[in-house]
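Peer 1: Quick one, query-v3.pdb (PDB, C-alpha atoms):
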```pdb
ATOM      1  CA  MET A  19     198.030 -14.044 337.148
ATOM      2  CA  SER A  20     201.435 -14.419 338.703
ATOM      3  CA  GLY A  21     204.655 -13.010 337.287
ATOM      4  CA  GLU A  22     204.758 -15.497 334.389
ATOM      5  CA  MET A  23     202.465 -15.388 331.349
ATOM      6  CA  LYS A  24     200.343 -18.428 330.699
ATOM      7  CA  GLU A  25     200.324 -19.673 327.125
ATOM      8  CA  ARG A  26     196.974 -19.844 325.325
ATOM      9  CA  ARG A  27     196.506 -22.762 322.934
ATOM     10  CA  LYS A  28     193.740 -23.532 320.489
ATOM     11  CA  LEU A  29     192.018 -26.889 320.585
ATOM     12  CA  PHE A  30     190.577 -28.455 317.455
ATOM     13  CA  VAL A  31     187.415 -30.089 318.832
ATOM     14  CA  MET A  32     185.711 -33.052 317.119
ATOM     15  CA  ARG A  33     182.725 -35.262 317.876
ATOM     16  CA  THR A  34     181.897 -38.903 317.273
ATOM     17  CA  GLY A  35     178.622 -40.035 318.780
ATOM     18  CA  ALA A  36     178.173 -38.278 322.110
ATOM     19  CA  ARG A  37     181.934 -38.046 322.764
ATOM     20  CA  LEU A  38     183.962 -34.875 322.325
ATOM     21  CA  PHE A  39     187.693 -35.089 321.814
ATOM     22  CA  ALA A  40     190.358 -32.703 320.612
ATOM     23  CA  VAL A  41     193.930 -32.242 319.546
ATOM     24  CA  TYR A  42     195.895 -29.020 319.614
ATOM     25  CA  ALA A  43     195.072 -26.984 316.485
ATOM     26  CA  ASP A  44     198.734 -26.788 315.515
ATOM     27  CA  GLU A  45     198.807 -30.610 315.234
ATOM     28  CA  VAL A  46     196.164 -30.612 312.460
ATOM     29  CA  GLU A  47     197.346 -30.473 308.863
ATOM     30  CA  THR A  48     194.028 -30.394 307.006
ATOM     31  CA  THR A  49     190.454 -31.647 306.989
ATOM     32  CA  CYS A  50     188.389 -33.181 304.210
ATOM     33  CA  GLU A  51     184.938 -34.671 303.798
ATOM     34  CA  ASN A  52     183.426 -37.943 302.604
ATOM     35  CA  LEU A  53     186.477 -40.035 301.897
ATOM     36  CA  THR A  54     186.004 -43.775 301.612
ATOM     37  CA  PRO A  55     188.919 -45.620 303.191
ATOM     38  CA  THR A  56     190.477 -48.629 301.551
ATOM     39  CA  PRO A  57     190.272 -51.416 304.143
ATOM     40  CA  LEU A  58     193.411 -53.114 305.381
ATOM     41  CA  PRO A  59     193.148 -56.874 305.891
ATOM     42  CA  PHE A  60     193.808 -58.051 309.446
ATOM     43  CA  ALA A  61     193.950 -54.486 310.787
ATOM     44  CA  PRO A  62     192.696 -53.957 314.349
ATOM     45  CA  ALA A  63     189.212 -52.503 314.821
ATOM     46  CA  PRO A  64     190.298 -48.854 315.390
ATOM     47  CA  VAL A  65     192.068 -48.766 311.995
ATOM     48  CA  ARG A  66     189.378 -47.997 309.426
ATOM     49  CA  GLY A  67     191.785 -48.281 306.486
ATOM     50  CA  ILE A  68     193.868 -45.895 304.431
ATOM     51  CA  VAL A  69     192.934 -42.751 302.511
ATOM     52  CA  SER A  70     194.851 -40.649 300.024
ATOM     53  CA  ARG A  71     195.074 -36.915 300.609
ATOM     54  CA  ARG A  72     197.288 -34.622 298.525
ATOM     55  CA  GLY A  73     199.560 -37.468 297.488
ATOM     56  CA  ARG A  74     199.979 -38.808 301.025
ATOM     57  CA  ILE A  75     198.636 -42.152 302.156
ATOM     58  CA  LEU A  76     197.127 -41.706 305.628
ATOM     59  CA  THR A  77     196.167 -44.420 308.085
ATOM     60  CA  LEU A  78     192.605 -43.593 309.138
ATOM     61  CA  ILE A  79     191.916 -44.246 312.815
ATOM     62  CA  ASP A  80     188.590 -44.112 314.645
ATOM     63  CA  PRO A  81     189.466 -42.477 317.986
ATOM     64  CA  HIS A  82     186.059 -43.254 319.489
ATOM     65  CA  THR A  83     186.952 -46.931 319.845
ATOM     66  CA  LEU A  84     190.194 -46.047 321.660
ATOM     67  CA  LEU A  85     188.649 -43.926 324.401
ATOM     68  CA  PRO A  86     187.726 -45.494 327.744
ATOM     69  CA  GLY A  87     184.159 -46.804 327.890
ATOM     70  CA  ALA A  88     183.729 -46.957 324.101
ATOM     71  CA  THR A  89     181.882 -49.832 322.500
ATOM     72  CA  GLN A  90     184.031 -52.038 320.349
ATOM     73  CA  ALA A  91     183.872 -51.755 316.581
ATOM     74  CA  PRO A  92     183.296 -54.791 314.355
ATOM     75  CA  ALA A  93     186.067 -57.327 313.960
ATOM     76  CA  PRO A  94     188.677 -56.589 311.261
ATOM     77  CA  GLN A  95     187.311 -59.254 308.920
ATOM     78  CA  ALA A  96     183.818 -57.745 309.199
ATOM     79  CA  GLN A  97     185.262 -54.331 308.357
ATOM     80  CA  THR A  98     186.950 -55.734 305.279
ATOM     81  CA  LEU A  99     183.702 -57.209 304.007
ATOM     82  CA  ALA A 100     181.623 -54.107 304.795
ATOM     83  CA  ALA A 101     180.160 -52.066 301.973
ATOM     84  CA  PRO A 102     182.348 -49.064 301.064
ATOM     85  CA  ALA A 103     179.491 -46.636 301.741
ATOM     86  CA  ALA A 104     179.243 -47.923 305.314
ATOM     87  CA  MET A 105     182.945 -47.245 305.860
ATOM     88  CA  ARG A 106     182.800 -43.667 304.548
ATOM     89  CA  ALA A 107     184.048 -41.140 307.083
ATOM     90  CA  PRO A 108     181.984 -37.932 307.165
ATOM     91  CA  TYR A 109     185.144 -35.997 308.083
ATOM     92  CA  VAL A 110     188.800 -36.912 307.950
ATOM     93  CA  VAL A 111     191.231 -34.864 310.035
ATOM     94  CA  ALA A 112     194.795 -35.311 308.778
ATOM     95  CA  LEU A 113     197.410 -34.866 311.493
ATOM     96  CA  LYS A 114     200.889 -33.435 311.089
ATOM     97  CA  GLY A 115     203.865 -35.680 311.613
ATOM     98  CA  ASP A 116     205.878 -38.482 310.114
ATOM     99  CA  GLU A 117     203.397 -41.221 311.036
ATOM    100  CA  GLN A 118     200.877 -39.999 308.416
ATOM    101  CA  LEU A 119     197.737 -40.496 310.497
ATOM    102  CA  ALA A 120     194.194 -39.193 310.185
ATOM    103  CA  LEU A 121     191.147 -39.307 312.449
ATOM    104  CA  ALA A 122     187.693 -40.408 311.282
ATOM    105  CA  VAL A 123     185.083 -38.172 312.938
ATOM    106  CA  GLU A 124     181.363 -37.490 312.587
ATOM    107  CA  SER A 125     181.552 -33.718 313.012
ATOM    108  CA  ILE A 126     184.023 -30.934 313.536
ATOM    109  CA  GLU A 127     183.051 -28.592 316.339
ATOM    110  CA  HIS A 128     184.274 -25.055 316.906
ATOM    111  CA  ASP A 129     187.815 -24.351 318.080
ATOM    112  CA  ILE A 130     188.286 -23.294 321.670
ATOM    113  CA  GLU A 131     191.199 -21.643 323.419
ATOM    114  CA  LEU A 132     192.481 -22.421 326.848
ATOM    115  CA  TYR A 133     195.416 -21.594 329.026
ATOM    116  CA  ASP A 134     197.922 -24.403 328.808
ATOM    117  CA  ASP A 135     198.599 -24.511 332.532
ATOM    118  CA  ALA A 136     196.976 -27.837 333.384
ATOM    119  CA  THR A 137     199.158 -30.883 333.715
ATOM    120  CA  ASP A 138     198.738 -34.093 331.808
ATOM    121  CA  ILE A 139     196.750 -36.934 333.332
ATOM    122  CA  GLU A 140     198.709 -38.931 335.844
ATOM    123  CA  THR A 141     197.368 -42.337 336.714
ATOM    124  CA  ASP A 142     198.675 -45.208 338.774
ATOM    125  CA  ASP A 143     198.503 -47.418 335.688
ATOM    126  CA  GLN A 144     199.889 -45.591 332.652
ATOM    127  CA  THR A 145     198.146 -48.043 330.310
ATOM    128  CA  SER A 146     194.659 -47.053 331.473
ATOM    129  CA  LEU A 147     194.596 -43.779 329.504
ATOM    130  CA  PRO A 148     197.638 -43.892 327.224
ATOM    131  CA  LEU A 149     196.061 -41.766 324.484
ATOM    132  CA  VAL A 150     194.448 -39.021 326.573
ATOM    133  CA  ARG A 151     196.663 -36.127 327.633
ATOM    134  CA  ARG A 152     193.982 -34.722 329.912
ATOM    135  CA  LEU A 153     190.252 -34.337 330.360
ATOM    136  CA  ILE A 154     188.889 -30.816 329.987
ATOM    137  CA  PRO A 155     185.484 -29.876 331.416
ATOM    138  CA  TYR A 156     183.627 -27.772 328.844
ATOM    139  CA  ARG A 157     180.030 -26.667 329.354
ATOM    140  CA  ALA A 158     178.022 -29.846 329.969
ATOM    141  CA  HIS A 159     180.656 -32.103 328.362
ATOM    142  CA  THR A 160     184.151 -33.378 328.954
ATOM    143  CA  ILE A 161     186.659 -33.083 326.133
ATOM    144  CA  ALA A 162     189.383 -35.725 325.926
ATOM    145  CA  LEU A 163     192.580 -34.070 324.691
ATOM    146  CA  LEU A 164     194.364 -36.709 322.601
ATOM    147  CA  ASP A 165     198.093 -37.200 322.159
ATOM    148  CA  PRO A 166     198.746 -37.842 318.424
ATOM    149  CA  ALA A 167     202.199 -39.245 319.246
ATOM    150  CA  ARG A 168     200.499 -42.187 320.998
ATOM    151  CA  LEU A 169     197.646 -42.634 318.544
ATOM    152  CA  PHE A 170     199.196 -45.317 316.345
ATOM    153  CA  GLU A 171     200.660 -47.394 319.179
ATOM    154  CA  THR A 172     197.318 -47.315 320.998
ATOM    155  CA  ALA A 173     195.402 -48.369 317.878
ATOM    156  CA  MET A 174     197.843 -51.208 317.184
ATOM    157  CA  ARG A 175     198.035 -52.446 320.787
ATOM    158  CA  GLY A 176     198.207 -56.218 320.912
ATOM    159  CA  VAL A 177     198.727 -56.658 317.160
ATOM    160  CA  GLU A 178     201.841 -58.175 315.686
ATOM    161  CA  ARG A 179     203.041 -55.674 313.085
ATOM    162  CA  ARG A 180     205.378 -57.886 311.096
ATOM    163  CA  ARG A 181     205.747 -61.602 310.974
ATOM    164  CA  GLN A 182     209.107 -63.283 311.184
ATOM    165  CA  ARG A 183     210.167 -65.015 308.024
ATOM    166  CA  THR A 184     211.106 -68.629 308.436
TER     167      THR A 184
END
```
Please re-express this file's structure in structure tokens.

Peer 2:
Amino acid sequence: MSGEMKERRKLFVMRTGARLFAVYADEVETTCENLTPTPLPFAPAPVRGIVSRRGRILTLIDPHTLLPGATQAPAPQAQTLAAPAAMRAPYVVALKGDEQLALAVESIEHDIELYDDATDIETDDQTSLPLVRRLIPYRAHTIALLDPARLFETAMRGVERRRQRT
């Protein structure tokens, strides 16, 4: 190492399908199991609904549908009509912050530590990977490190949030 100390940070690693993704461990508030979200009418596909956790209403987002190469989830109307059991999230990871967001994941993997010396992803087109801070090679997989500050805007991309009153 050179004269400066590199900072070690813990990653909170999650899995949905065959994809691994993570957020920094200090960005996670809590985790819980088997919550059934209440669907939101006309919500985009990545928004699974809302859940209540410790008196807070959290918007539950499926990060798998936001990552590059992911298959699209059912249309919002199909989600609304789905059976509640089918919408149940095996794990809900509540994130810290004012936006009150949570991630719907299939499993929670072990935490890993890494030196925080890598730079964020830089692309020619900043809209190609707006949610991914960087890709981290780990064993036989690649972990997508997500940016919770961009999670909501990425999930709501292309959706009109409020209608003008006439």

Peer 1: Quick one: of A:Lys114, A:Phe60, A:Ala40, A:Ala173, who's nearest to A:Arg152, counting all atoms listed in the file?

Peer 2: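 Using all atoms listed in the file, A:Arg152 sits closest to A:Ala40.
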
Peer 1: Name every residue that the PyMOL selection byres ((chain A and resi 121-133) around 9) selects in this structure, writing the answer as a ChimeraX atom specification with chains first and numbers rising.

Peer 2: /A:24-35,38,43,66,77-82,106-113,119-120,134-136

Peer 1: Counting only C-alpha atoms, which of A:Leu85, A:Val69, A:Leu76, A:Phe39 gets nearest to A:Pro155?

Peer 2: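 Answer, going by the shortest atom-to-atom distance: A:Phe39.
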
Peer 1: Pull the neighbourhood of (193.7, -51.1, 301.6) for me: all residues within 7 Å in file coordinates, counting all atoms listed in the file, as a list in words.

Peer 2: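 Residues close enough to count: Thr56, Pro57, Leu58, Gly67 and Ile68 of chain A.
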
Peer 1: Which of these, A:Glu51, A:Glu45, A:Ala36, A:Arg72, has the shortest distance to A:Asp165 once you count all atoms listed in the file?

Peer 2: A:Glu45

Peer 1: Check the smallest atom-to-atom distance from each of A:Leu164, A:Leu153, A:Leu84, A:Ile75 to A:Pro62 using only C-alpha atoms, then report the winner.

Peer 2: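 Of A:Leu164, A:Leu153, A:Leu84, A:Ile75, the one nearest A:Pro62, counting only C-alpha atoms, is A:Leu84.
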
Peer 1: Could you state the separation of atom CA of A:Arg71 and atom CA of A:Pro55 in Å, given to one decimal place?

Peer 2: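 Value for the atom CA of A:Arg71-atom CA of A:Pro55 distance: 11.0 Å.
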
Peer 1: For atom CA of A:Gln118 and atom CA of A:Leu53, quote the distance in Å rounded to one decimal.

Peer 2: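 For atom CA of A:Gln118 relative to atom CA of A:Leu53, the distance reads 15.8 Å.
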
Peer 1: What's the separation between atom CA of A:Gly115 and atom CA of A:Ala61, in Å to one decimal place?

Peer 2: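 Computed distance, atom CA of A:Gly115 to atom CA of A:Ala61, equals 21.3 Å.
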
Peer 1: For each of A:Arg175, A:Pro166, A:Ser70, A:Val41, take the minimum atom-to-atom distance to A:Thr54, counting all atoms listed in the file, then give the residue where this is smallest.

Peer 2: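 Nearest candidate to A:Thr54 out of A:Arg175, A:Pro166, A:Ser70, A:Val41: A:Ser70.
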